[in-house]
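my_file.cif, holding mmCIF, C-alpha atoms and all ligand atoms:
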```
data_structure
loop_
_atom_site.label_atom_id
_atom_site.label_comp_id
_atom_site.auth_asym_id
_atom_site.auth_seq_id
_atom_site.Cartn_x
_atom_site.Cartn_y
_atom_site.Cartn_z
CA MET A 1 33.33 -33.99 -46.40
CA ASN A 2 35.63 -35.39 -43.69
CA LYS A 3 36.42 -32.79 -41.04
CA ASN A 4 37.24 -33.29 -37.38
CA LYS A 5 33.95 -34.33 -35.83
CA GLU A 6 32.82 -36.03 -32.63
CA PHE A 7 31.60 -39.11 -34.57
CA ASP A 8 32.46 -40.84 -37.83
CA ILE A 9 28.90 -42.15 -38.22
CA ILE A 10 25.46 -41.65 -36.63
CA ILE A 11 22.93 -44.40 -37.42
CA TRP A 12 19.69 -42.42 -37.42
CA GLY A 13 16.65 -44.72 -37.05
CA ALA A 14 18.53 -47.18 -34.84
CA SER A 15 15.32 -48.05 -32.97
CA GLY A 16 13.68 -49.35 -36.18
CA PHE A 17 13.86 -52.83 -37.64
CA THR A 18 16.75 -52.22 -40.05
CA GLY A 19 18.56 -49.54 -38.04
CA ARG A 20 18.85 -51.92 -35.10
CA LEU A 21 20.51 -54.52 -37.38
CA VAL A 22 23.00 -51.91 -38.62
CA ALA A 23 23.86 -50.97 -35.01
CA GLU A 24 24.19 -54.64 -34.03
CA TYR A 25 26.50 -55.32 -36.98
CA LEU A 26 28.72 -52.29 -36.19
CA PHE A 27 28.99 -53.19 -32.52
CA LYS A 28 29.80 -56.86 -33.13
CA LYS A 29 32.26 -56.28 -35.96
CA TYR A 30 33.93 -52.99 -35.06
CA GLY A 31 33.24 -52.38 -31.36
CA ILE A 32 33.00 -48.77 -30.27
CA ASN A 33 35.62 -45.99 -30.56
CA ASP A 34 38.17 -48.45 -31.93
CA THR A 35 38.33 -48.24 -35.73
CA ILE A 36 35.18 -46.11 -35.93
CA LYS A 37 33.50 -43.66 -33.60
CA TRP A 38 29.76 -44.02 -33.96
CA ALA A 39 26.44 -43.35 -32.23
CA MET A 40 22.85 -44.55 -32.37
CA GLY A 41 20.29 -41.89 -33.27
CA GLY A 42 16.51 -41.65 -33.12
CA ARG A 43 13.60 -39.60 -31.86
CA ASN A 44 12.79 -41.50 -28.69
CA GLN A 45 15.40 -41.75 -25.88
CA ALA A 46 13.67 -44.60 -24.01
CA LYS A 47 13.25 -46.72 -27.13
CA LEU A 48 16.87 -46.12 -28.16
CA GLU A 49 18.08 -47.11 -24.68
CA GLN A 50 16.07 -50.32 -24.88
CA VAL A 51 17.42 -51.26 -28.33
CA ARG A 52 20.97 -50.33 -27.28
CA ALA A 53 20.69 -52.73 -24.32
CA GLU A 54 19.58 -55.50 -26.70
CA VAL A 55 22.19 -55.09 -29.45
CA ALA A 56 25.16 -53.30 -27.83
CA ASP A 57 25.99 -51.77 -24.45
CA ASP A 58 25.88 -48.33 -22.85
CA SER A 59 29.26 -47.37 -24.25
CA VAL A 60 27.41 -46.49 -27.48
CA PRO A 61 26.37 -42.81 -27.37
CA LEU A 62 22.77 -41.84 -28.19
CA VAL A 63 21.73 -38.81 -30.24
CA ILE A 64 18.15 -37.52 -30.29
CA ALA A 65 16.67 -35.86 -33.39
CA ASP A 66 13.15 -35.79 -34.82
CA SER A 67 12.40 -35.33 -38.51
CA LYS A 68 9.84 -32.64 -37.61
CA ASP A 69 12.39 -30.60 -35.62
CA GLU A 70 14.84 -28.91 -37.99
CA ALA A 71 17.03 -27.54 -35.18
CA SER A 72 17.56 -31.09 -33.85
CA LEU A 73 18.56 -32.27 -37.34
CA ASP A 74 20.99 -29.35 -37.76
CA GLN A 75 22.60 -30.14 -34.40
CA MET A 76 22.84 -33.86 -35.17
CA VAL A 77 24.46 -33.56 -38.59
CA GLN A 78 27.12 -31.14 -37.29
CA ARG A 79 28.40 -33.78 -34.83
CA THR A 80 29.30 -36.43 -37.42
CA LYS A 81 31.20 -37.02 -40.66
CA VAL A 82 28.46 -39.30 -42.02
CA ILE A 83 24.74 -39.69 -41.39
CA CYS A 84 23.52 -43.20 -42.13
CA THR A 85 19.72 -43.14 -42.05
CA THR A 86 17.09 -45.87 -41.90
CA VAL A 87 14.25 -43.47 -41.07
CA GLY A 88 11.63 -44.14 -43.73
CA PRO A 89 9.42 -43.72 -45.71
CA TYR A 90 12.09 -41.27 -46.82
CA ALA A 91 9.63 -39.13 -48.80
CA LYS A 92 7.84 -38.52 -45.47
CA TYR A 93 10.75 -38.16 -43.07
CA GLY A 94 13.95 -37.66 -45.08
CA SER A 95 13.86 -34.33 -46.97
CA LYS A 96 14.87 -31.99 -44.13
CA LEU A 97 17.72 -34.31 -43.16
CA VAL A 98 19.18 -34.23 -46.69
CA ALA A 99 18.88 -30.42 -46.68
CA ALA A 100 20.66 -30.23 -43.29
CA CYS A 101 23.46 -32.54 -44.51
CA VAL A 102 24.06 -30.41 -47.61
CA ALA A 103 23.93 -27.17 -45.56
CA HIS A 104 26.53 -28.49 -43.08
CA GLN A 105 28.64 -30.55 -45.55
CA THR A 106 27.94 -33.85 -43.81
CA ASP A 107 28.10 -36.92 -46.05
CA TYR A 108 24.98 -39.08 -46.13
CA CYS A 109 23.83 -42.60 -47.05
CA ASP A 110 20.41 -44.26 -46.93
CA LEU A 111 18.27 -47.21 -48.02
CA THR A 112 15.65 -45.44 -50.05
CA GLY A 113 14.11 -47.04 -53.10
CA GLU A 114 11.63 -44.16 -53.52
CA VAL A 115 12.46 -42.98 -57.04
CA GLN A 116 10.11 -39.97 -56.98
CA TRP A 117 11.80 -38.71 -53.79
CA MET A 118 15.32 -39.30 -55.17
CA ARG A 119 14.34 -37.20 -58.20
CA ARG A 120 13.22 -34.42 -55.82
CA MET A 121 16.49 -34.60 -53.86
CA ILE A 122 18.50 -34.45 -57.11
CA ASP A 123 16.54 -31.39 -58.26
CA GLN A 124 16.85 -29.62 -54.91
CA HIS A 125 20.39 -30.51 -53.85
CA HIS A 126 22.66 -31.93 -56.57
CA VAL A 127 24.05 -28.56 -57.67
CA SER A 128 24.73 -27.22 -54.16
CA ALA A 129 26.11 -30.55 -52.85
CA LYS A 130 28.40 -30.78 -55.87
CA ALA A 131 29.58 -27.22 -55.31
CA ASN A 132 30.30 -27.58 -51.57
CA GLY A 133 31.79 -31.11 -51.68
CA THR A 134 28.99 -33.07 -49.94
CA LYS A 135 28.22 -36.67 -50.92
CA ILE A 136 24.54 -37.66 -50.74
CA VAL A 137 24.28 -41.37 -51.56
CA HIS A 138 20.88 -43.02 -51.86
CA THR A 139 20.14 -46.75 -52.41
CA CYS A 140 22.89 -48.31 -50.27
CA GLY A 141 20.94 -51.53 -49.59
CA PHE A 142 19.58 -54.43 -51.62
CA ASP A 143 18.29 -51.75 -53.89
CA SER A 144 20.58 -50.93 -55.50
CA ILE A 145 24.07 -52.06 -54.41
CA PRO A 146 24.11 -55.59 -55.97
CA SER A 147 22.89 -54.14 -59.31
CA ASP A 148 24.89 -50.91 -59.35
CA MET A 149 28.12 -52.45 -58.03
CA GLY A 150 27.47 -55.59 -60.12
CA VAL A 151 27.37 -53.59 -63.37
CA TYR A 152 30.37 -51.52 -62.20
CA PHE A 153 32.30 -54.77 -61.65
CA MET A 154 31.22 -56.48 -64.94
CA GLN A 155 32.15 -53.36 -66.92
CA LYS A 156 35.56 -53.16 -65.23
CA GLU A 157 36.21 -56.79 -66.16
CA ALA A 158 34.92 -56.31 -69.72
CA LEU A 159 37.25 -53.32 -70.14
CA ALA A 160 40.22 -55.24 -68.71
CA GLN A 161 39.61 -58.23 -71.02
CA THR A 162 38.64 -56.53 -74.27
CA GLY A 163 39.65 -52.88 -73.96
CA GLN A 164 36.01 -51.87 -74.41
CA PRO A 165 32.92 -51.73 -72.19
CA ALA A 166 30.14 -54.30 -72.63
CA LYS A 167 27.35 -52.98 -74.85
CA GLN A 168 24.51 -54.70 -73.00
CA ILE A 169 23.92 -56.38 -69.63
CA LYS A 170 20.80 -58.32 -68.68
CA MET A 171 20.62 -58.92 -64.95
CA ARG A 172 18.58 -62.00 -64.09
CA VAL A 173 17.66 -62.95 -60.53
CA LYS A 174 18.45 -66.68 -60.48
CA ALA A 175 17.31 -67.20 -56.87
CA MET A 176 16.64 -65.29 -53.66
CA LYS A 177 15.13 -66.01 -50.26
CA GLY A 178 14.04 -63.58 -47.52
CA GLY A 179 11.13 -61.56 -46.16
CA MET A 180 9.73 -58.02 -45.96
CA SER A 181 9.61 -55.46 -43.12
CA GLY A 182 6.79 -53.10 -42.17
CA GLY A 183 8.99 -50.10 -43.01
CA THR A 184 9.59 -51.36 -46.55
CA TYR A 185 5.89 -52.06 -47.08
CA ALA A 186 5.03 -48.57 -45.73
CA SER A 187 7.54 -47.03 -48.16
CA LEU A 188 6.15 -48.99 -51.13
CA SER A 189 2.57 -48.01 -50.18
CA ASN A 190 3.64 -44.37 -49.90
CA VAL A 191 5.21 -44.36 -53.40
CA LEU A 192 2.02 -45.84 -54.88
CA ALA A 193 -0.21 -43.40 -52.94
CA GLU A 194 1.88 -40.39 -54.07
CA ALA A 195 1.78 -41.61 -57.70
CA ARG A 196 -2.03 -41.92 -57.55
CA GLU A 197 -2.36 -38.33 -56.30
CA ASP A 198 0.18 -36.75 -58.63
CA LYS A 199 0.33 -38.12 -62.18
CA SER A 200 3.74 -36.49 -62.81
CA ILE A 201 5.17 -38.96 -60.27
CA TYR A 202 3.86 -41.82 -62.40
CA GLY A 203 5.90 -40.31 -65.26
CA VAL A 204 9.04 -40.40 -63.08
CA LEU A 205 8.39 -44.04 -62.12
CA ILE A 206 7.96 -45.28 -65.70
CA ASN A 207 10.69 -43.23 -67.46
CA PRO A 208 13.78 -45.52 -67.61
CA TYR A 209 16.07 -42.48 -67.44
CA SER A 210 14.19 -40.41 -64.84
CA LEU A 211 17.16 -40.26 -62.43
CA ASN A 212 19.57 -39.03 -65.10
CA PRO A 213 20.82 -35.44 -65.10
CA LYS A 214 18.33 -33.01 -66.71
CA GLY A 215 18.68 -32.99 -70.49
CA GLU A 216 20.23 -36.48 -70.47
CA ASP A 217 17.07 -38.43 -69.71
CA ASN A 218 17.02 -40.52 -72.86
CA GLY A 219 18.72 -43.58 -74.35
CA PRO A 220 18.06 -46.98 -75.91
CA ASP A 221 16.38 -48.66 -72.91
CA LYS A 222 12.61 -49.10 -72.77
CA ARG A 223 10.20 -49.63 -69.84
CA ASP A 224 10.89 -52.50 -67.43
CA LEU A 225 9.44 -55.91 -68.27
CA GLN A 226 5.67 -56.07 -67.62
CA SER A 227 4.87 -59.68 -68.54
CA ILE A 228 6.17 -63.25 -68.56
CA VAL A 229 8.36 -64.03 -71.57
CA TYR A 230 10.97 -66.62 -72.57
CA ASP A 231 14.59 -65.42 -72.44
CA LYS A 232 16.80 -67.37 -74.86
CA GLU A 233 20.07 -66.17 -73.29
CA ALA A 234 19.04 -67.22 -69.78
CA LYS A 235 17.26 -70.32 -71.18
CA SER A 236 14.47 -69.55 -68.77
CA TRP A 237 11.07 -67.91 -68.48
CA ILE A 238 11.47 -64.45 -66.96
CA PHE A 239 9.00 -62.20 -65.15
CA PRO A 240 9.06 -58.69 -63.58
CA PHE A 241 11.50 -58.05 -60.72
CA ILE A 242 9.90 -55.62 -58.25
CA MET A 243 13.20 -53.76 -57.66
CA ALA A 244 13.99 -53.32 -61.40
CA GLY A 245 12.23 -49.93 -61.53
CA ILE A 246 14.70 -48.62 -58.96
CA ASN A 247 17.91 -50.51 -59.80
CA THR A 248 17.93 -49.94 -63.56
CA LYS A 249 17.50 -46.17 -63.09
CA VAL A 250 20.35 -46.09 -60.55
CA VAL A 251 22.66 -47.98 -62.97
CA ARG A 252 21.78 -45.49 -65.75
CA ARG A 253 22.42 -42.53 -63.42
CA SER A 254 25.81 -44.02 -62.50
CA ASN A 255 26.74 -44.23 -66.18
CA ALA A 256 25.63 -40.62 -66.80
CA LEU A 257 27.30 -39.14 -63.68
CA ALA A 258 30.59 -40.88 -64.46
CA GLY A 259 30.64 -39.45 -68.00
CA TYR A 260 29.31 -42.57 -69.79
CA PRO A 261 32.14 -45.10 -69.18
CA TYR A 262 29.66 -47.84 -70.25
CA GLY A 263 28.91 -45.93 -73.48
CA LYS A 264 25.90 -43.77 -74.40
CA ASN A 265 24.22 -46.75 -76.09
CA PHE A 266 24.67 -49.12 -73.14
CA ARG A 267 21.54 -51.19 -72.53
CA TYR A 268 20.51 -52.62 -69.17
CA ASP A 269 17.48 -54.44 -67.83
CA GLU A 270 16.49 -56.71 -64.93
CA ALA A 271 14.06 -59.61 -64.50
CA MET A 272 13.53 -62.75 -62.44
CA MET A 273 14.13 -66.26 -63.77
CA SER A 274 11.66 -69.06 -63.10
CA GLY A 275 13.18 -71.93 -65.12
CA ASP A 276 12.54 -73.69 -68.40
CA GLY A 277 9.49 -75.50 -69.81
CA PHE A 278 5.89 -75.52 -68.59
CA LYS A 279 6.99 -75.67 -64.92
CA GLY A 280 9.09 -72.51 -65.32
CA ARG A 281 6.22 -70.65 -66.96
CA LEU A 282 3.78 -71.71 -64.24
CA LYS A 283 6.22 -70.79 -61.45
CA GLY A 284 6.75 -67.33 -63.00
CA THR A 285 3.00 -66.74 -63.25
CA LEU A 286 2.32 -67.88 -59.69
CA THR A 287 5.16 -65.74 -58.27
CA ALA A 288 4.25 -62.61 -60.26
CA LEU A 289 0.54 -62.71 -59.38
CA PRO A 290 0.66 -61.75 -55.66
CA ILE A 291 3.19 -58.97 -56.39
CA GLY A 292 0.83 -57.62 -59.06
CA LEU A 293 -2.05 -57.66 -56.54
CA VAL A 294 -0.03 -55.67 -53.95
CA MET A 295 1.02 -53.10 -56.57
CA SER A 296 -2.50 -52.60 -57.92
CA ALA A 297 -4.45 -52.42 -54.62
CA LYS A 298 -5.96 -48.91 -54.33
CA PRO A 299 -5.93 -47.16 -50.91
CA GLY A 300 -9.21 -47.59 -48.98
CA THR A 301 -10.32 -50.68 -50.92
CA PHE A 302 -11.16 -54.05 -49.36
CA LEU A 303 -8.16 -55.63 -51.14
CA LYS A 304 -5.74 -53.02 -49.74
CA LYS A 305 -7.14 -53.47 -46.20
CA MET A 306 -6.73 -57.25 -46.47
CA ILE A 307 -3.12 -56.90 -47.71
CA ASP A 308 -2.29 -54.33 -44.96
CA LYS A 309 -3.62 -56.77 -42.35
CA ARG A 310 -1.42 -59.63 -43.54
CA LEU A 311 1.83 -57.73 -44.13
CA PRO A 312 4.17 -56.53 -41.31
CA LYS A 313 3.70 -53.20 -39.47
CA PRO A 314 6.47 -50.56 -39.03
CA GLY A 315 9.09 -51.96 -36.62
CA GLU A 316 8.37 -55.58 -37.65
CA GLY A 317 10.31 -57.76 -40.12
CA PRO A 318 11.68 -61.22 -40.88
CA SER A 319 12.94 -63.37 -37.97
CA LYS A 320 16.62 -64.08 -37.25
CA THR A 321 16.19 -67.60 -38.68
CA THR A 322 14.67 -66.24 -41.91
CA ARG A 323 17.46 -63.65 -42.16
CA GLU A 324 20.22 -66.18 -41.57
CA SER A 325 18.83 -68.78 -43.99
CA GLY A 326 18.32 -66.16 -46.72
CA PHE A 327 20.52 -65.49 -49.77
CA TYR A 328 20.47 -64.11 -53.32
CA ASN A 329 22.09 -65.01 -56.61
CA PHE A 330 22.11 -62.56 -59.56
CA LYS A 331 23.38 -63.49 -63.02
CA PHE A 332 24.71 -60.80 -65.36
CA PHE A 333 24.41 -61.82 -69.04
CA THR A 334 27.10 -59.53 -70.40
CA ARG A 335 27.26 -58.91 -74.17
CA LEU A 336 30.73 -57.74 -75.15
CA GLU A 337 31.53 -55.40 -78.03
CA ASP A 338 32.55 -58.37 -80.28
CA ASN A 339 29.12 -59.92 -79.55
CA SER A 340 30.45 -62.73 -77.35
CA LEU A 341 28.55 -63.44 -74.14
CA VAL A 342 30.06 -63.72 -70.65
CA VAL A 343 27.89 -64.67 -67.67
CA GLY A 344 28.92 -62.88 -64.49
CA LYS A 345 27.51 -63.39 -61.01
CA VAL A 346 26.83 -61.47 -57.78
CA THR A 347 25.78 -63.37 -54.67
CA GLY A 348 24.96 -62.33 -51.13
CA ASP A 349 24.68 -64.30 -47.91
CA MET A 350 21.69 -63.73 -45.58
CA ASP A 351 18.27 -62.43 -46.64
CA PRO A 352 18.52 -59.60 -49.18
CA GLY A 353 16.33 -56.93 -47.49
CA TYR A 354 17.68 -56.92 -43.92
CA GLY A 355 20.57 -59.30 -43.11
CA SER A 356 22.53 -58.39 -46.23
CA THR A 357 21.16 -54.82 -46.50
CA SER A 358 22.25 -53.89 -42.96
CA LYS A 359 25.82 -55.01 -43.75
CA MET A 360 25.87 -53.18 -47.10
CA LEU A 361 24.60 -49.96 -45.51
CA ALA A 362 27.03 -50.15 -42.58
CA GLU A 363 30.00 -50.77 -44.91
CA SER A 364 28.88 -47.88 -47.17
CA ALA A 365 28.81 -45.54 -44.16
CA ILE A 366 32.30 -46.64 -43.07
CA CYS A 367 33.54 -46.32 -46.64
CA LEU A 368 32.27 -42.72 -46.81
CA ALA A 369 33.80 -41.87 -43.43
CA LYS A 370 37.14 -43.64 -43.67
CA ASP A 371 38.20 -44.79 -47.14
CA ASN A 372 40.16 -43.22 -49.93
CA ILE A 373 37.25 -42.69 -52.32
CA PRO A 374 36.72 -40.70 -55.55
CA ASP A 375 36.78 -36.92 -55.20
CA VAL A 376 33.20 -36.42 -56.43
CA SER A 377 30.20 -34.83 -54.77
CA GLY A 378 26.50 -34.19 -55.34
CA VAL A 379 23.54 -36.55 -55.20
CA LEU A 380 25.42 -39.70 -56.17
CA THR A 381 25.01 -43.45 -56.62
CA PRO A 382 26.99 -46.06 -54.63
CA SER A 383 29.36 -46.96 -57.51
CA VAL A 384 30.09 -43.35 -58.43
CA ALA A 385 30.60 -42.24 -54.81
CA MET A 386 32.62 -45.21 -53.55
CA GLY A 387 33.77 -47.36 -56.53
CA ASP A 388 36.59 -49.83 -55.84
CA ALA A 389 36.75 -49.10 -52.10
CA LEU A 390 33.14 -50.22 -51.65
CA LEU A 391 33.66 -53.24 -53.93
CA LYS A 392 36.45 -54.39 -51.61
CA ARG A 393 34.46 -53.81 -48.44
CA LEU A 394 31.43 -55.70 -49.80
CA GLN A 395 33.58 -58.74 -50.58
CA ASP A 396 35.81 -58.59 -47.49
CA ASN A 397 33.11 -57.84 -44.90
CA ALA A 398 29.53 -57.89 -46.17
CA GLY A 399 29.23 -61.43 -47.57
CA LEU A 400 28.94 -60.49 -51.27
CA THR A 401 30.83 -62.22 -54.09
CA PHE A 402 31.44 -60.84 -57.59
CA SER A 403 32.65 -63.01 -60.51
CA PHE A 404 32.94 -62.67 -64.29
CA GLY A 405 32.72 -65.78 -66.50
N1 LIG A 501 16.70 -50.60 -49.98
C1 LIG A 501 16.59 -51.67 -49.25
O1 LIG A 501 17.09 -52.69 -49.62
C2 LIG A 501 15.86 -51.57 -47.94
C3 LIG A 501 15.90 -52.60 -47.03
C4 LIG A 501 15.31 -52.45 -45.77
C5 LIG A 501 14.64 -51.27 -45.47
N2 LIG A 501 14.59 -50.28 -46.41
C6 LIG A 501 13.93 -48.99 -46.12
O2 LIG A 501 14.42 -48.52 -44.88
C7 LIG A 501 13.40 -47.79 -44.21
C8 LIG A 501 13.25 -48.32 -42.78
O3 LIG A 501 12.69 -49.62 -42.82
P1 LIG A 501 12.43 -50.37 -41.43
O4 LIG A 501 11.75 -51.64 -41.74
O5 LIG A 501 13.67 -50.39 -40.62
O6 LIG A 501 11.37 -49.35 -40.77
P2 LIG A 501 10.88 -49.20 -39.25
O7 LIG A 501 11.15 -50.44 -38.49
O8 LIG A 501 9.50 -48.69 -39.33
O9 LIG A 501 11.85 -48.06 -38.65
C9 LIG A 501 11.67 -46.70 -38.96
C10 LIG A 501 12.55 -45.86 -38.07
O10 LIG A 501 12.24 -44.48 -38.34
C11 LIG A 501 12.03 -43.81 -37.10
N3 LIG A 501 11.15 -42.66 -37.25
C12 LIG A 501 9.87 -42.65 -37.68
N4 LIG A 501 9.40 -41.39 -37.67
C13 LIG A 501 10.43 -40.59 -37.25
C14 LIG A 501 10.56 -39.20 -37.04
N5 LIG A 501 9.54 -38.36 -37.23
N6 LIG A 501 11.76 -38.74 -36.63
C15 LIG A 501 12.79 -39.56 -36.39
N7 LIG A 501 12.72 -40.91 -36.56
C16 LIG A 501 11.53 -41.40 -36.98
C17 LIG A 501 11.44 -44.86 -36.18
O11 LIG A 501 11.58 -44.41 -34.84
P3 LIG A 501 10.69 -45.02 -33.63
O12 LIG A 501 11.33 -46.35 -33.31
O13 LIG A 501 10.86 -44.02 -32.55
O14 LIG A 501 9.29 -45.18 -34.14
C18 LIG A 501 12.32 -46.04 -36.56
O15 LIG A 501 13.57 -45.95 -35.91
C19 LIG A 501 12.13 -47.93 -45.06
O16 LIG A 501 12.00 -46.77 -45.86
C20 LIG A 501 12.43 -49.13 -45.95
O17 LIG A 501 11.78 -49.08 -47.20
C21 LIG A 501 15.17 -50.41 -47.63
#
```

Take the structure in this file and express it as structure tokens.
Ligand SMILES: NC(=O)c1ccc[n+]([C@@H]2O[C@H](COP(=O)([O-])OP(=O)(O)OC[C@H]3O[C@@H](n4cnc5c(N)ncnc54)[C@H](OP(=O)(O)O)[C@@H]3O)[C@@H](O)[C@H]2O)c1
Amino acid sequence: MNKNKEFDIIIWGASGFTGRLVAEYLFKKYGINDTIKWAMGGRNQAKLEQVRAEVADDSVPLVIADSKDEASLDQMVQRTKVICTTVGPYAKYGSKLVAACVAHQTDYCDLTGEVQWMRRMIDQHHVSAKANGTKIVHTCGFDSIPSDMGVYFMQKEALAQTGQPAKQIKMRVKAMKGGMSGGTYASLSNVLAEAREDKSIYGVLINPYSLNPKGEDNGPDKRDLQSIVYDKEAKSWIFPFIMAGINTKVVRRSNALAGYPYGKNFRYDEAMMSGDGFKGRLKGTLTALPIGLVMSAKPGTFLKKMIDKRLPKPGEGPSKTTRESGFYNFKFFTRLEDNSLVVGKVTGDMDPGYGSTSKMLAESAICLAKDNIPDVSGVLTPSVAMGDALLKRLQDNAGLTFSFG
């Protein structure tokens, strides 16, 4: 909801690994108080001042708010059109902020991939946000913009070429290169810990339609891939993609929220490609194994302690060199209504999780604050909230490409 406010955007969590990259990107690309009025937010004044000195200058205003202090959250959200938050794990620190945004009609975007928490936010806030015109948009990073906007793009092209939406899309990760941050690892660990304590959360994680509106949580898709199999269309061995459990649910929610433009029988899945022949099978097995170990390590065990020791701590993440040499390449095997196959593509420059993610999140926040976007509200997905305006921004500014055939 865009009213006259002191700021267009507050980046809350600007002292963290990803928040700092978002602030750096905004400062370098847009300056301050020129096209957008923005501020850096966090809980610790001294830390924010230090990060501001490293990535911007003291013309950038600072806003202090702590997730434990509801009054500070209320005050912060009333000063801005859009809150752009990188304070995670979101299930630990994000719920009161979403509530404050809905109460004060402040639009919101984040980087969460915590499906169980998104389900909670939908249950608690979709109806009131829809009624009062607030846009709450989760998953504005690597999960799930390339998938959600990729399917949005492929379906637009399919419709333009054939007059009908594609009946099935298989997204295959052809290649990607990057690293992981401590915040992302903490968020993943928190999802797994919550699921171990509360079995109903496990149900949310494995139901392909668990982010759909209540009563619409069914369809033709099954659980995400759990093993290594040969994919004839991709002519490659494929194995589980760790983000599939988030992305596929977001794509299905987009379809449902938009009134099923992809059709009620639309099928979608994601996996990683490892190539053909014995080498491809071996590569898939060797890549899937360590991910399986991380996912299965129980809290308090020797294995979990060893993994925790080796992976980054909150505030840490991949180096500038790793970020700048990173990239990703997604293929979209798109089955049209007449059964013909078109292979579309989405690529991103820089590492997926941080270099590219910080640009995608920043452009989403600007899109919410400034662009002519669909008149919809509630707990939304990127494609439903921002559609063509975001597609343009991603291609013009954020280093993504989208192609069909
Ligand atoms: N979807 C994606 O593609 C994607 C990509 C990257 C990251 N992420 C997610 O983004 C989140 C952040 O990751 P990160 O690596 O940037 O984490 P991080 O470096 O640990 O940063 C976390 C931020 O949260 C702040 N914070 C912690 N507790 C707070 C509280 N009680 N009140 C206010 N602020 C508080 C920290 O402030 P201090 O500096 O004061 O400690 C810091 O600014 C994680 O949930 C991660 O999973 C998602």

Please put the answer as AutoDock Vina command-line options: centre and edge lengths, in Å with one decimal, of a box along x, y and z that encloses all listed atoms of ligand LIG 501 (chain A) plus 4 Å on each side.
```
--center_x 13.2 --center_y -45.5 --center_z -41.3 --size_x 15.8 --size_y 22.3 --size_z 25.4
```

12 Å contact set for Glu216 (chain A), all atoms listed in the file, chain neighbours under 2 positions out, as a PDB file with C-alpha atoms, in the coordinates of the input:
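And here's around-v3.pdb as it stands now:
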```
ATOM      1  CA  PRO A 208      13.780 -45.520 -67.610  1.00  0.00           C
ATOM      2  CA  TYR A 209      16.070 -42.480 -67.440  1.00  0.00           C
ATOM      3  CA  SER A 210      14.190 -40.410 -64.840  1.00  0.00           C
ATOM      4  CA  LEU A 211      17.160 -40.260 -62.430  1.00  0.00           C
ATOM      5  CA  ASN A 212      19.570 -39.030 -65.100  1.00  0.00           C
ATOM      6  CA  PRO A 213      20.820 -35.440 -65.100  1.00  0.00           C
ATOM      7  CA  LYS A 214      18.330 -33.010 -66.710  1.00  0.00           C
ATOM      8  CA  ASN A 218      17.020 -40.520 -72.860  1.00  0.00           C
ATOM      9  CA  GLY A 219      18.720 -43.580 -74.350  1.00  0.00           C
ATOM     10  CA  ARG A 252      21.780 -45.490 -65.750  1.00  0.00           C
ATOM     11  CA  ARG A 253      22.420 -42.530 -63.420  1.00  0.00           C
ATOM     12  CA  ASN A 255      26.740 -44.230 -66.180  1.00  0.00           C
ATOM     13  CA  ALA A 256      25.630 -40.620 -66.800  1.00  0.00           C
ATOM     14  CA  LEU A 257      27.300 -39.140 -63.680  1.00  0.00           C
ATOM     15  CA  GLY A 259      30.640 -39.450 -68.000  1.00  0.00           C
ATOM     16  CA  TYR A 260      29.310 -42.570 -69.790  1.00  0.00           C
ATOM     17  CA  LYS A 264      25.900 -43.770 -74.400  1.00  0.00           C
TER      18      LYS A 264
END
```

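With all atoms listed in the file taken into account, every residue lying no more than 9 Å from the file point (35.1, -39.2, -50.6) is included here: Met1, Asn2, Asp107, Gly133, Thr134, Lys135, Cys367, Leu368, Ala369, Lys370, Asp371, Asn372, Ile373, Pro374, Asp375, Val376, Ser377, Ala385 and Met386 of chain A.
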
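Nearest to Ser383 (chain A) of all the residues A:Val251, A:Val346, A:Ile136, A:Ile11 is A:Val251, counting all atoms listed in the file.
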
Practice item. Mind checking which residues fall within 12 Å of Asp34 (chain A), counting only C-alpha atoms, ignoring those fewer than 4 positions away in the same chain, and posting them as number ranges by chain? Key: A: 7-8, 26-30, 38, 59-60

Check your understanding: Got a sec: who's within 12 Å of Leu159 (chain A), counting all atoms listed in the file, leaving out chain neighbours fewer than 6 positions off, as a list in words?
Key ->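 Result of the neighbour search: Val151, Tyr152, Phe153, Pro165, Ala166, Lys167, Pro261, Tyr262, Gly263, Thr334, Leu336, Glu337 and Phe404 of chain A.
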
How would the residues just chosen look if you wrote them out with C-alpha atoms as a PDB file, in the coordinates of the input?
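Result went into part-v5.pdb, see below:
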```pdb
ATOM      1  CA  VAL A 151      27.370 -53.590 -63.370  1.00  0.00           C
ATOM      2  CA  TYR A 152      30.370 -51.520 -62.200  1.00  0.00           C
ATOM      3  CA  PHE A 153      32.300 -54.770 -61.650  1.00  0.00           C
ATOM      4  CA  PRO A 165      32.920 -51.730 -72.190  1.00  0.00           C
ATOM      5  CA  ALA A 166      30.140 -54.300 -72.630  1.00  0.00           C
ATOM      6  CA  LYS A 167      27.350 -52.980 -74.850  1.00  0.00           C
ATOM      7  CA  PRO A 261      32.140 -45.100 -69.180  1.00  0.00           C
ATOM      8  CA  TYR A 262      29.660 -47.840 -70.250  1.00  0.00           C
ATOM      9  CA  GLY A 263      28.910 -45.930 -73.480  1.00  0.00           C
ATOM     10  CA  THR A 334      27.100 -59.530 -70.400  1.00  0.00           C
ATOM     11  CA  LEU A 336      30.730 -57.740 -75.150  1.00  0.00           C
ATOM     12  CA  GLU A 337      31.530 -55.400 -78.030  1.00  0.00           C
ATOM     13  CA  PHE A 404      32.940 -62.670 -64.290  1.00  0.00           C
TER      14      PHE A 404
END
```

Check your understanding: Counting all atoms listed in the file, what is within 7 Å of Ile9 (chain A), bar same-chain residues fewer than 2 positions away, as a list in words?
Key ->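 Those residues are Phe7, Ile11, Lys37, Trp38, Ala39, Thr80, Lys81, Val82, Ile83, Cys84 and Ala365 of chain A.
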